[in-house]
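Participant: I am sharing input-v6.pdb, which consists of PDB, C-alpha atoms and all ligand atoms:
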ATOM      1  CA  MET V   1       0.160 122.488  23.400  1.00  0.00           C
ATOM      2  CA  GLU V   2      -2.232 125.444  23.291  1.00  0.00           C
ATOM      3  CA  TRP V   3      -3.682 126.942  20.105  1.00  0.00           C
ATOM      4  CA  GLY V   4      -6.323 129.211  21.580  1.00  0.00           C
ATOM      5  CA  THR V   5      -6.692 131.934  24.150  1.00  0.00           C
ATOM      6  CA  TYR V   6      -8.075 129.717  26.944  1.00  0.00           C
ATOM      7  CA  PRO V   7      -5.708 127.125  28.420  1.00  0.00           C
ATOM      8  CA  ALA V   8      -6.583 123.449  28.787  1.00  0.00           C
ATOM      9  CA  VAL V   9      -9.711 123.447  26.605  1.00  0.00           C
ATOM     10  CA  GLY V  10      -7.948 122.010  23.512  1.00  0.00           C
ATOM     11  CA  PRO V  11      -7.220 121.213  20.797  1.00  0.00           C
ATOM     12  CA  GLY V  12      -3.560 120.216  21.214  1.00  0.00           C
ATOM     13  CA  ALA V  13      -0.662 118.727  19.279  1.00  0.00           C
ATOM     14  CA  GLU V  14      -2.858 116.006  17.733  1.00  0.00           C
ATOM     15  CA  VAL V  15      -4.007 118.425  15.032  1.00  0.00           C
ATOM     16  CA  LEU V  16      -0.455 118.309  13.636  1.00  0.00           C
ATOM     17  CA  GLY V  17      -0.618 114.549  13.031  1.00  0.00           C
ATOM     18  CA  ARG V  18      -0.765 111.219  14.841  1.00  0.00           C
ATOM     19  CA  SER V  19       2.971 110.782  15.413  1.00  0.00           C
ATOM     20  CA  LEU V  20       5.409 113.676  15.455  1.00  0.00           C
ATOM     21  CA  ARG V  21       8.432 111.599  16.416  1.00  0.00           C
ATOM     22  CA  GLY V  22      11.399 112.589  14.239  1.00  0.00           C
ATOM     23  CA  ARG V  23       9.352 115.093  12.203  1.00  0.00           C
ATOM     24  CA  ARG V  24      11.095 118.273  11.128  1.00  0.00           C
ATOM     25  CA  VAL V  25       8.939 121.010  12.607  1.00  0.00           C
ATOM     26  CA  LEU V  26       9.288 124.805  12.382  1.00  0.00           C
ATOM     27  CA  GLU V  27       7.503 127.317  14.623  1.00  0.00           C
ATOM     28  CA  LEU V  28       7.266 130.911  13.362  1.00  0.00           C
ATOM     29  CA  GLY V  29       6.953 133.399  16.213  1.00  0.00           C
ATOM     30  CA  CYS V  30       7.514 131.048  19.162  1.00  0.00           C
ATOM     31  CA  GLY V  31       7.564 133.702  21.903  1.00  0.00           C
ATOM     32  CA  GLN V  32       8.978 132.054  25.013  1.00  0.00           C
ATOM     33  CA  GLY V  33       8.958 128.646  23.344  1.00  0.00           C
ATOM     34  CA  GLN V  34       6.481 126.649  25.449  1.00  0.00           C
ATOM     35  CA  ASN V  35       4.756 124.960  22.499  1.00  0.00           C
ATOM     36  CA  ALA V  36       7.999 124.164  20.675  1.00  0.00           C
ATOM     37  CA  ALA V  37       9.498 122.703  23.874  1.00  0.00           C
ATOM     38  CA  HIS V  38       6.398 120.551  24.348  1.00  0.00           C
ATOM     39  CA  LEU V  39       6.651 119.120  20.813  1.00  0.00           C
ATOM     40  CA  ALA V  40      10.365 118.381  21.172  1.00  0.00           C
ATOM     41  CA  ASP V  41      10.169 117.010  24.714  1.00  0.00           C
ATOM     42  CA  ARG V  42       6.888 115.086  24.747  1.00  0.00           C
ATOM     43  CA  HIS V  43       6.493 114.202  21.068  1.00  0.00           C
ATOM     44  CA  ARG V  44      10.180 113.764  20.142  1.00  0.00           C
ATOM     45  CA  ALA V  45       9.901 116.075  17.130  1.00  0.00           C
ATOM     46  CA  GLN V  46      12.971 117.893  15.763  1.00  0.00           C
ATOM     47  CA  VAL V  47      11.810 121.451  16.325  1.00  0.00           C
ATOM     48  CA  THR V  48      13.285 124.734  15.139  1.00  0.00           C
ATOM     49  CA  ALA V  49      11.541 127.654  16.820  1.00  0.00           C
ATOM     50  CA  ILE V  50      12.209 131.220  15.763  1.00  0.00           C
ATOM     51  CA  ASP V  51      11.150 134.601  16.999  1.00  0.00           C
ATOM     52  CA  LEU V  52      11.875 138.090  15.763  1.00  0.00           C
ATOM     53  CA  ILE V  53      12.579 139.455  19.219  1.00  0.00           C
ATOM     54  CA  ASP V  54      15.855 138.604  20.963  1.00  0.00           C
ATOM     55  CA  LEU V  55      14.323 138.953  24.415  1.00  0.00           C
ATOM     56  CA  GLN V  56      11.728 136.259  23.654  1.00  0.00           C
ATOM     57  CA  ILE V  57      14.466 133.855  22.535  1.00  0.00           C
ATOM     58  CA  GLN V  58      16.599 134.682  25.592  1.00  0.00           C
ATOM     59  CA  HIS V  59      13.659 133.757  27.831  1.00  0.00           C
ATOM     60  CA  ALA V  60      12.969 130.638  25.755  1.00  0.00           C
ATOM     61  CA  ARG V  61      16.618 129.570  26.103  1.00  0.00           C
ATOM     62  CA  ASP V  62      16.564 130.177  29.847  1.00  0.00           C
ATOM     63  CA  ARG V  63      13.545 127.908  30.193  1.00  0.00           C
ATOM     64  CA  TYR V  64      14.027 125.301  27.479  1.00  0.00           C
ATOM     65  CA  GLY V  65      17.626 125.617  26.251  1.00  0.00           C
ATOM     66  CA  GLU V  66      18.417 122.070  27.415  1.00  0.00           C
ATOM     67  CA  VAL V  67      15.489 120.319  25.726  1.00  0.00           C
ATOM     68  CA  PRO V  68      16.873 117.738  23.232  1.00  0.00           C
ATOM     69  CA  GLY V  69      15.673 118.255  19.673  1.00  0.00           C
ATOM     70  CA  LEU V  70      14.852 121.939  20.171  1.00  0.00           C
ATOM     71  CA  THR V  71      16.715 124.738  18.357  1.00  0.00           C
ATOM     72  CA  LEU V  72      15.815 128.326  19.293  1.00  0.00           C
ATOM     73  CA  LEU V  73      16.787 131.185  16.972  1.00  0.00           C
ATOM     74  CA  ALA V  74      16.226 134.943  16.985  1.00  0.00           C
ATOM     75  CA  CYS V  75      15.256 135.710  13.387  1.00  0.00           C
ATOM     76  CA  ASP V  76      12.515 137.231  11.263  1.00  0.00           C
ATOM     77  CA  ALA V  77      10.246 134.548   9.775  1.00  0.00           C
ATOM     78  CA  MET V  78      10.608 135.733   6.165  1.00  0.00           C
ATOM     79  CA  ARG V  79      14.345 136.017   6.481  1.00  0.00           C
ATOM     80  CA  PHE V  80      14.628 132.542   7.980  1.00  0.00           C
ATOM     81  CA  LEU V  81      12.431 130.975   5.285  1.00  0.00           C
ATOM     82  CA  GLN V  82      14.398 132.664   2.523  1.00  0.00           C
ATOM     83  CA  HIS V  83      17.760 131.469   3.832  1.00  0.00           C
ATOM     84  CA  THR V  84      17.205 128.019   5.300  1.00  0.00           C
ATOM     85  CA  ALA V  85      17.996 124.966   3.199  1.00  0.00           C
ATOM     86  CA  THR V  86      15.797 122.718   5.375  1.00  0.00           C
ATOM     87  CA  VAL V  87      12.522 121.353   4.077  1.00  0.00           C
ATOM     88  CA  PHE V  88      10.038 120.866   6.926  1.00  0.00           C
ATOM     89  CA  ASP V  89       7.293 118.309   7.434  1.00  0.00           C
ATOM     90  CA  ILE V  90       5.280 120.745   9.536  1.00  0.00           C
ATOM     91  CA  ILE V  91       5.308 124.517   9.953  1.00  0.00           C
ATOM     92  CA  TYR V  92       3.091 126.175  12.551  1.00  0.00           C
ATOM     93  CA  SER V  93       2.366 129.471  14.245  1.00  0.00           C
ATOM     94  CA  VAL V  94       0.358 130.165  17.414  1.00  0.00           C
ATOM     95  CA  PHE V  95      -0.649 133.833  17.299  1.00  0.00           C
ATOM     96  CA  GLY V  96       2.839 134.192  15.822  1.00  0.00           C
ATOM     97  CA  ALA V  97       4.244 135.370  12.516  1.00  0.00           C
ATOM     98  CA  VAL V  98       1.231 134.145  10.514  1.00  0.00           C
ATOM     99  CA  GLY V  99      -1.116 137.086  10.978  1.00  0.00           C
ATOM    100  CA  LEU V 100       1.706 139.473  11.949  1.00  0.00           C
ATOM    101  CA  ALA V 101       3.393 139.577   8.529  1.00  0.00           C
ATOM    102  CA  ASP V 102       1.976 140.090   5.037  1.00  0.00           C
ATOM    103  CA  PRO V 103       0.107 136.791   4.503  1.00  0.00           C
ATOM    104  CA  TRP V 104       0.585 136.516   0.731  1.00  0.00           C
ATOM    105  CA  THR V 105       4.352 136.896   0.930  1.00  0.00           C
ATOM    106  CA  LEU V 106       4.710 134.772   4.058  1.00  0.00           C
ATOM    107  CA  LEU V 107       2.488 131.894   2.892  1.00  0.00           C
ATOM    108  CA  ALA V 108       4.396 131.673  -0.401  1.00  0.00           C
ATOM    109  CA  ALA V 109       7.690 131.498   1.516  1.00  0.00           C
ATOM    110  CA  ILE V 110       6.246 128.841   3.855  1.00  0.00           C
ATOM    111  CA  ALA V 111       5.071 126.710   0.925  1.00  0.00           C
ATOM    112  CA  ARG V 112       8.591 126.759  -0.535  1.00  0.00           C
ATOM    113  CA  ARG V 113      10.033 125.266   2.700  1.00  0.00           C
ATOM    114  CA  LEU V 114       7.279 122.651   3.253  1.00  0.00           C
ATOM    115  CA  ARG V 115       7.640 119.187   1.773  1.00  0.00           C
ATOM    116  CA  PRO V 116       4.943 118.112  -0.717  1.00  0.00           C
ATOM    117  CA  HIS V 117       1.739 117.405   1.278  1.00  0.00           C
ATOM    118  CA  GLY V 118       3.438 118.917   4.328  1.00  0.00           C
ATOM    119  CA  LEU V 119       1.235 120.553   6.918  1.00  0.00           C
ATOM    120  CA  LEU V 120       0.814 124.188   7.947  1.00  0.00           C
ATOM    121  CA  GLY V 121      -1.119 124.901  11.163  1.00  0.00           C
ATOM    122  CA  PHE V 122      -1.802 128.361  12.505  1.00  0.00           C
ATOM    123  CA  SER V 123      -4.018 130.080  15.011  1.00  0.00           C
ATOM    124  CA  VAL V 124      -4.894 133.746  14.793  1.00  0.00           C
ATOM    125  CA  PRO V 125      -7.273 136.049  16.652  1.00  0.00           C
ATOM    126  CA  HIS V 126     -10.825 135.462  15.399  1.00  0.00           C
ATOM    127  CA  PRO V 127     -11.531 138.087  12.717  1.00  0.00           C
ATOM    128  CA  GLY V 128     -15.143 138.421  13.863  1.00  0.00           C
ATOM    129  CA  ARG V 129     -14.560 139.045  17.579  1.00  0.00           C
ATOM    130  CA  PRO V 130     -17.045 141.498  19.054  1.00  0.00           C
ATOM    131  CA  GLY V 131     -15.988 145.031  18.169  1.00  0.00           C
ATOM    132  CA  THR V 132     -13.753 143.995  15.268  1.00  0.00           C
ATOM    133  CA  ARG V 133     -14.110 143.068  11.643  1.00  0.00           C
ATOM    134  CA  PRO V 134     -11.751 141.370   9.230  1.00  0.00           C
ATOM    135  CA  THR V 135      -8.967 143.500   7.786  1.00  0.00           C
ATOM    136  CA  GLY V 136      -8.554 143.637   4.032  1.00  0.00           C
ATOM    137  CA  GLY V 137      -5.413 142.116   2.600  1.00  0.00           C
ATOM    138  CA  SER V 138      -3.571 145.374   2.027  1.00  0.00           C
ATOM    139  CA  GLN V 139      -4.708 147.209   5.154  1.00  0.00           C
ATOM    140  CA  PRO V 140      -3.413 145.594   8.336  1.00  0.00           C
ATOM    141  CA  ARG V 141      -4.614 146.800  11.713  1.00  0.00           C
ATOM    142  CA  HIS V 142      -2.095 148.350  14.069  1.00  0.00           C
ATOM    143  CA  GLY V 143      -1.711 146.870  17.538  1.00  0.00           C
ATOM    144  CA  THR V 144       0.907 145.864  20.087  1.00  0.00           C
ATOM    145  CA  ILE V 145       2.277 142.681  21.615  1.00  0.00           C
ATOM    146  CA  ARG V 146       3.518 142.336  25.185  1.00  0.00           C
ATOM    147  CA  LEU V 147       7.125 141.333  25.778  1.00  0.00           C
ATOM    148  CA  PRO V 148       8.491 139.346  28.740  1.00  0.00           C
ATOM    149  CA  ASP V 149       9.852 142.531  30.366  1.00  0.00           C
ATOM    150  CA  GLY V 150       6.330 144.020  30.394  1.00  0.00           C
ATOM    151  CA  SER V 151       6.991 146.475  27.557  1.00  0.00           C
ATOM    152  CA  ARG V 152       4.821 146.573  24.446  1.00  0.00           C
ATOM    153  CA  ARG V 153       5.978 146.498  20.859  1.00  0.00           C
ATOM    154  CA  PRO V 154       3.953 147.803  17.893  1.00  0.00           C
ATOM    155  CA  VAL V 155       2.860 145.234  15.294  1.00  0.00           C
ATOM    156  CA  ALA V 156       0.745 145.168  12.144  1.00  0.00           C
ATOM    157  CA  ARG V 157      -2.055 142.587  12.258  1.00  0.00           C
ATOM    158  CA  TRP V 158      -3.660 140.936   9.249  1.00  0.00           C
ATOM    159  CA  GLU V 159      -6.991 139.544  10.484  1.00  0.00           C
ATOM    160  CA  LEU V 160      -8.371 138.022   7.299  1.00  0.00           C
ATOM    161  CA  SER V 161     -11.841 136.533   6.886  1.00  0.00           C
ATOM    162  CA  VAL V 162     -11.942 132.743   6.501  1.00  0.00           C
ATOM    163  CA  ALA V 163     -12.635 133.179   2.770  1.00  0.00           C
ATOM    164  CA  ASP V 164      -9.574 135.422   2.409  1.00  0.00           C
ATOM    165  CA  TRP V 165      -7.369 132.958   4.316  1.00  0.00           C
ATOM    166  CA  ARG V 166      -8.551 130.215   1.947  1.00  0.00           C
ATOM    167  CA  ARG V 167      -7.751 132.401  -1.063  1.00  0.00           C
ATOM    168  CA  ALA V 168      -4.322 133.366   0.293  1.00  0.00           C
ATOM    169  CA  LEU V 169      -3.519 129.691   0.963  1.00  0.00           C
ATOM    170  CA  ALA V 170      -4.679 128.654  -2.502  1.00  0.00           C
ATOM    171  CA  GLN V 171      -2.479 131.319  -4.060  1.00  0.00           C
ATOM    172  CA  ALA V 172       0.495 129.770  -2.213  1.00  0.00           C
ATOM    173  CA  ASP V 173      -0.366 126.285  -3.508  1.00  0.00           C
ATOM    174  CA  MET V 174      -1.866 125.172  -0.184  1.00  0.00           C
ATOM    175  CA  ARG V 175      -5.376 124.043   0.719  1.00  0.00           C
ATOM    176  CA  ALA V 176      -7.182 124.615   4.011  1.00  0.00           C
ATOM    177  CA  VAL V 177      -8.142 121.157   5.293  1.00  0.00           C
ATOM    178  CA  THR V 178      -9.923 122.332   8.445  1.00  0.00           C
ATOM    179  CA  VAL V 179     -10.857 125.713   9.859  1.00  0.00           C
ATOM    180  CA  ARG V 180     -12.002 125.646  13.488  1.00  0.00           C
ATOM    181  CA  GLU V 181     -13.339 128.397  15.674  1.00  0.00           C
ATOM    182  CA  LEU V 182     -11.828 128.245  19.169  1.00  0.00           C
ATOM    183  CA  GLY V 183     -13.198 129.779  22.325  1.00  0.00           C
ATOM    184  CA  HIS V 184     -14.253 128.931  25.810  1.00  0.00           C
ATOM    185  CA  PRO V 185     -17.026 126.314  26.081  1.00  0.00           C
ATOM    186  CA  GLY V 186     -18.911 128.568  28.488  1.00  0.00           C
ATOM    187  CA  ARG V 187     -18.721 131.748  26.390  1.00  0.00           C
ATOM    188  CA  ASP V 188     -20.656 132.819  23.317  1.00  0.00           C
ATOM    189  CA  HIS V 189     -18.039 134.203  20.981  1.00  0.00           C
ATOM    190  CA  PRO V 190     -15.090 132.365  19.475  1.00  0.00           C
ATOM    191  CA  THR V 191     -11.804 134.165  20.125  1.00  0.00           C
ATOM    192  CA  ALA V 192      -9.468 132.393  17.686  1.00  0.00           C
ATOM    193  CA  LEU V 193      -9.359 130.623  14.348  1.00  0.00           C
ATOM    194  CA  LEU V 194      -7.287 127.479  13.908  1.00  0.00           C
ATOM    195  CA  VAL V 195      -6.435 126.685  10.307  1.00  0.00           C
ATOM    196  CA  ILE V 196      -4.840 123.408   9.202  1.00  0.00           C
ATOM    197  CA  ALA V 197      -3.672 123.397   5.600  1.00  0.00           C
ATOM    198  CA  ARG V 198      -1.654 121.137   3.317  1.00  0.00           C
ATOM    199  CA  ARG V 199       0.770 121.917   0.569  1.00  0.00           C
ATOM    200  CA  SER V 200      -0.035 120.400  -2.824  1.00  0.00           C
TER
HETATM  201  C1  LIG V 301       1.513 137.093  20.526  1.00  0.00           C
HETATM  202  S1  LIG V 301       3.140 136.451  20.549  1.00  0.00           S
HETATM  203  C2  LIG V 301       2.825 134.701  20.551  1.00  0.00           C
HETATM  204  C3  LIG V 301       4.005 133.930  21.030  1.00  0.00           C
HETATM  205  C4  LIG V 301       3.815 132.404  21.137  1.00  0.00           C
HETATM  206  N1  LIG V 301       3.549 131.797  19.875  1.00  0.00           N
HETATM  207  C5  LIG V 301       2.769 132.063  22.157  1.00  0.00           C
HETATM  208  O1  LIG V 301       1.759 131.459  21.794  1.00  0.00           O
HETATM  209  O2  LIG V 301       2.953 132.389  23.335  1.00  0.00           O
HETATM  210  C6  LIG V 301       3.669 136.752  18.883  1.00  0.00           C
HETATM  211  C7  LIG V 301       5.133 136.445  18.636  1.00  0.00           C
HETATM  212  O3  LIG V 301       5.394 136.457  17.237  1.00  0.00           O
HETATM  213  C8  LIG V 301       6.636 137.064  17.023  1.00  0.00           C
HETATM  214  N2  LIG V 301       6.702 137.572  15.662  1.00  0.00           N
HETATM  215  C9  LIG V 301       5.945 138.530  15.104  1.00  0.00           C
HETATM  216  N3  LIG V 301       6.287 138.743  13.835  1.00  0.00           N
HETATM  217  C10 LIG V 301       7.302 137.878  13.570  1.00  0.00           C
HETATM  218  C11 LIG V 301       8.095 137.626  12.429  1.00  0.00           C
HETATM  219  N4  LIG V 301       7.928 138.311  11.302  1.00  0.00           N
HETATM  220  N5  LIG V 301       9.059 136.692  12.513  1.00  0.00           N
HETATM  221  C12 LIG V 301       9.251 135.991  13.672  1.00  0.00           C
HETATM  222  N6  LIG V 301       8.518 136.195  14.786  1.00  0.00           N
HETATM  223  C13 LIG V 301       7.566 137.128  14.743  1.00  0.00           C
HETATM  224  C14 LIG V 301       6.694 138.166  18.064  1.00  0.00           C
HETATM  225  O4  LIG V 301       8.009 138.608  18.319  1.00  0.00           O
HETATM  226  C15 LIG V 301       6.036 137.499  19.248  1.00  0.00           C
HETATM  227  O5  LIG V 301       6.978 136.891  20.110  1.00  0.00           O
END
In structure tokens, write the structure found in this file.
Ligand SMILES: C[S@@+](CC[C@H](N)C(=O)[O-])C[C@H]1O[C@@H](n2cnc3c(N)ncnc32)[C@H](O)[C@@H]1O

Facilitator:
Amino acid sequence: MEWGTYPAVGPGAEVLGRSLRGRRVLELGCGQGQNAAHLADRHRAQVTAIDLIDLQIQHARDRYGEVPGLTLLACDAMRFLQHTATVFDIIYSVFGAVGLADPWTLLAAIARRLRPHGLLGFSVPHPGRPGTRPTGGSQPRHGTIRLPDGSRRPVARWELSVADWRRALAQADMRAVTVRELGHPGRDHPTALLVIARRS
């Protein structure tokens, strides 16, 4: 499992807990599903992975549709969280919906579908990358994401400071347990933040 922008430099699935076997896990913004497939296949978790864009889910199904324990759905994260009856042990996002949807609304919806003391893990672009600064809560930055067919789709990005992420989590009844800066060991600047939080 990859949380950062450089492959094979860690951390991996261990940040989600020692044993994931049988855990109900939800990924928000799974893209082509590689992380969700890894958790279902290698760790025997029961994973639901959703993405807003049909094309991403089509590609995920082509690659991982046969993996036992993996359910792939095309759906908006907020919409899914509002309508599902499932309570999850773990919810995570790797450069996915967390950071690409209004954090205050999304984190509150996540907390409602996490079991007590359940875990939220998310990685987002580092808000202090060279040439950028954190966005305020109400003013997302406009950018694009690349789709499997090579096209680009516009997105709004919330790149909060660490202090603002902590505040947004606290408002949703969650507490940041660890905040790690991820990058390449040989490079100066971290490129991603990895936040692990727990629901009260
Ligand atoms: C940068 S990609 C990352 C994909 C994947 N997590 C990975 O690491 O390869 C961001 C993904 O989040 C999805 N996404 C953005 N906003 C979303 C939302 N509100 N609900 C569900 N998925 C969303 C996008 O469609 C896109 O596939």

Participant: What do you get, as a ChimeraX atom specification, if you spell out every residue that the PyMOL selection byres (((chain V and resi 88) around 9) and not hetatm) selects here?

Facilitator: /V:23-26,86-87,89-91,113-115,118-119

Participant: Identify, on the basis of only C-alpha atoms, every residue whose closest approach to region 40-50 of chain V does not exceed 8 Å; exclude the query and any residue fewer than 4 positions from it along the same chain; express the result as a ChimeraX atom specification.

Facilitator: /V:19-30,33,36,57,67-77

Participant: Filtering to C-alpha atoms, could you give me those residues as a tab-separated table (two decimals), in the coordinates of the input?

Facilitator:
chain	number	residue	atom	x	y	z
V	19	SER	CA	2.97	110.78	15.41
V	20	LEU	CA	5.41	113.68	15.46
V	21	ARG	CA	8.43	111.60	16.42
V	22	GLY	CA	11.40	112.59	14.24
V	23	ARG	CA	9.35	115.09	12.20
V	24	ARG	CA	11.10	118.27	11.13
V	25	VAL	CA	8.94	121.01	12.61
V	26	LEU	CA	9.29	124.80	12.38
V	27	GLU	CA	7.50	127.32	14.62
V	28	LEU	CA	7.27	130.91	13.36
V	29	GLY	CA	6.95	133.40	16.21
V	30	CYS	CA	7.51	131.05	19.16
V	33	GLY	CA	8.96	128.65	23.34
V	36	ALA	CA	8.00	124.16	20.68
V	57	ILE	CA	14.47	133.85	22.54
V	67	VAL	CA	15.49	120.32	25.73
V	68	PRO	CA	16.87	117.74	23.23
V	69	GLY	CA	15.67	118.26	19.67
V	70	LEU	CA	14.85	121.94	20.17
V	71	THR	CA	16.72	124.74	18.36
V	72	LEU	CA	15.82	128.33	19.29
V	73	LEU	CA	16.79	131.18	16.97
V	74	ALA	CA	16.23	134.94	16.98
V	75	CYS	CA	15.26	135.71	13.39
V	76	ASP	CA	12.52	137.23	11.26
V	77	ALA	CA	10.25	134.55	9.78

Participant: For ligand LIG 301 (chain V), collect every residue having any atom at a distance of at most 10 Å from a ligand atom (counting all atoms listed in the file); output as an MDAnalysis selection string.

Facilitator: chainID V and resid 1:5 27:36 49:57 73:81 92:102 106 122:125 144:148 153:157

Participant: With all atoms listed in the file as the basis for distance, which of V:Glu14, V:Thr105, V:Val162, V:Arg152 is at the shortest distance from Ser138 (chain V)?

Facilitator: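 Checking each of V:Glu14, V:Thr105, V:Val162, V:Arg152 against Ser138 (chain V), counting all atoms listed in the file, the winner is V:Thr105.
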
Participant: Go through region 5-119 of chain V residue by residue and, counting only C-alpha atoms, keep those with an atom at most 7 Å from region 172-188 of chain V; for each kept residue give the shortest atom pair and its distance in Å to one decimal, ordered by chain and increasing number, as JSON lines.

Facilitator:
{"residue": "V:Tyr6", "atom": "CA", "partner": "V:His184", "partner_atom": "CA", "distance": 6.3}
{"residue": "V:Leu107", "atom": "CA", "partner": "V:Ala172", "partner_atom": "CA", "distance": 5.9}
{"residue": "V:Ala108", "atom": "CA", "partner": "V:Ala172", "partner_atom": "CA", "distance": 4.7}
{"residue": "V:Ala111", "atom": "CA", "partner": "V:Ala172", "partner_atom": "CA", "distance": 6.3}

Participant: Could you list the residues chosen by the PyMOL selection byres (((chain V and resi 117) around 6) and not hetatm) in this structure as number ranges by chain?

Facilitator: V: 116, 118, 198-200

Participant: Which residue gives the smallest distance to Pro134 (chain V) among V:Thr84, V:Ala170, V:Val195, V:Ala163, with only C-alpha atoms counted?

Facilitator: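 With only C-alpha atoms as the atom set, the closest residue is V:Ala163.
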
Participant: With the input short on atoms, add N, CA and C atoms back to region 58-76 of chain V and write it as a PDB file, keeping the file's coordinate frame.

Facilitator:
ATOM      1  N   GLN V  58      15.808 134.795  24.350  1.00  0.00           N
ATOM      2  CA  GLN V  58      16.599 134.682  25.592  1.00  0.00           C
ATOM      3  C   GLN V  58      15.789 133.976  26.676  1.00  0.00           C
ATOM      4  N   HIS V  59      14.515 134.395  26.814  1.00  0.00           N
ATOM      5  CA  HIS V  59      13.659 133.757  27.831  1.00  0.00           C
ATOM      6  C   HIS V  59      13.404 132.297  27.472  1.00  0.00           C
ATOM      7  N   ALA V  60      13.196 132.025  26.183  1.00  0.00           N
ATOM      8  CA  ALA V  60      12.969 130.638  25.755  1.00  0.00           C
ATOM      9  C   ALA V  60      14.202 129.790  26.075  1.00  0.00           C
ATOM     10  N   ARG V  61      15.388 130.342  25.824  1.00  0.00           N
ATOM     11  CA  ARG V  61      16.618 129.570  26.103  1.00  0.00           C
ATOM     12  C   ARG V  61      16.790 129.342  27.588  1.00  0.00           C
ATOM     13  N   ASP V  62      16.463 130.353  28.395  1.00  0.00           N
ATOM     14  CA  ASP V  62      16.564 130.177  29.847  1.00  0.00           C
ATOM     15  C   ASP V  62      15.683 129.024  30.318  1.00  0.00           C
ATOM     16  N   ARG V  63      14.491 128.921  29.716  1.00  0.00           N
ATOM     17  CA  ARG V  63      13.545 127.908  30.193  1.00  0.00           C
ATOM     18  C   ARG V  63      13.759 126.545  29.546  1.00  0.00           C
ATOM     19  N   TYR V  64      14.058 126.560  28.238  1.00  0.00           N
ATOM     20  CA  TYR V  64      14.027 125.301  27.479  1.00  0.00           C
ATOM     21  C   TYR V  64      15.311 125.012  26.709  1.00  0.00           C
ATOM     22  N   GLY V  65      16.378 125.760  27.001  1.00  0.00           N
ATOM     23  CA  GLY V  65      17.626 125.617  26.251  1.00  0.00           C
ATOM     24  C   GLY V  65      18.201 124.215  26.275  1.00  0.00           C
ATOM     25  N   GLU V  66      17.840 123.429  27.295  1.00  0.00           N
ATOM     26  CA  GLU V  66      18.417 122.070  27.415  1.00  0.00           C
ATOM     27  C   GLU V  66      17.527 120.990  26.801  1.00  0.00           C
ATOM     28  N   VAL V  67      16.396 121.359  26.253  1.00  0.00           N
ATOM     29  CA  VAL V  67      15.489 120.319  25.726  1.00  0.00           C
ATOM     30  C   VAL V  67      16.090 119.701  24.465  1.00  0.00           C
ATOM     31  N   PRO V  68      16.308 118.369  24.436  1.00  0.00           N
ATOM     32  CA  PRO V  68      16.873 117.738  23.232  1.00  0.00           C
ATOM     33  C   PRO V  68      15.924 117.901  22.053  1.00  0.00           C
ATOM     34  N   GLY V  69      16.503 118.151  20.887  1.00  0.00           N
ATOM     35  CA  GLY V  69      15.673 118.255  19.673  1.00  0.00           C
ATOM     36  C   GLY V  69      15.087 119.631  19.449  1.00  0.00           C
ATOM     37  N   LEU V  70      15.417 120.588  20.324  1.00  0.00           N
ATOM     38  CA  LEU V  70      14.852 121.939  20.171  1.00  0.00           C
ATOM     39  C   LEU V  70      15.957 122.939  19.843  1.00  0.00           C
ATOM     40  N   THR V  71      15.789 123.672  18.739  1.00  0.00           N
ATOM     41  CA  THR V  71      16.715 124.738  18.357  1.00  0.00           C
ATOM     42  C   THR V  71      15.953 126.049  18.390  1.00  0.00           C
ATOM     43  N   LEU V  72      16.490 127.022  19.131  1.00  0.00           N
ATOM     44  CA  LEU V  72      15.815 128.326  19.293  1.00  0.00           C
ATOM     45  C   LEU V  72      16.661 129.393  18.607  1.00  0.00           C
ATOM     46  N   LEU V  73      16.043 130.178  17.734  1.00  0.00           N
ATOM     47  CA  LEU V  73      16.787 131.185  16.972  1.00  0.00           C
ATOM     48  C   LEU V  73      16.051 132.512  16.969  1.00  0.00           C
ATOM     49  N   ALA V  74      16.814 133.604  17.133  1.00  0.00           N
ATOM     50  CA  ALA V  74      16.226 134.943  16.985  1.00  0.00           C
ATOM     51  C   ALA V  74      16.356 135.343  15.524  1.00  0.00           C
ATOM     52  N   CYS V  75      15.227 135.433  14.828  1.00  0.00           N
ATOM     53  CA  CYS V  75      15.256 135.710  13.387  1.00  0.00           C
ATOM     54  C   CYS V  75      13.860 136.092  12.914  1.00  0.00           C
ATOM     55  N   ASP V  76      13.797 136.924  11.902  1.00  0.00           N
ATOM     56  CA  ASP V  76      12.515 137.231  11.263  1.00  0.00           C
ATOM     57  C   ASP V  76      12.071 136.014  10.433  1.00  0.00           C
TER      58      ASP V  76
END
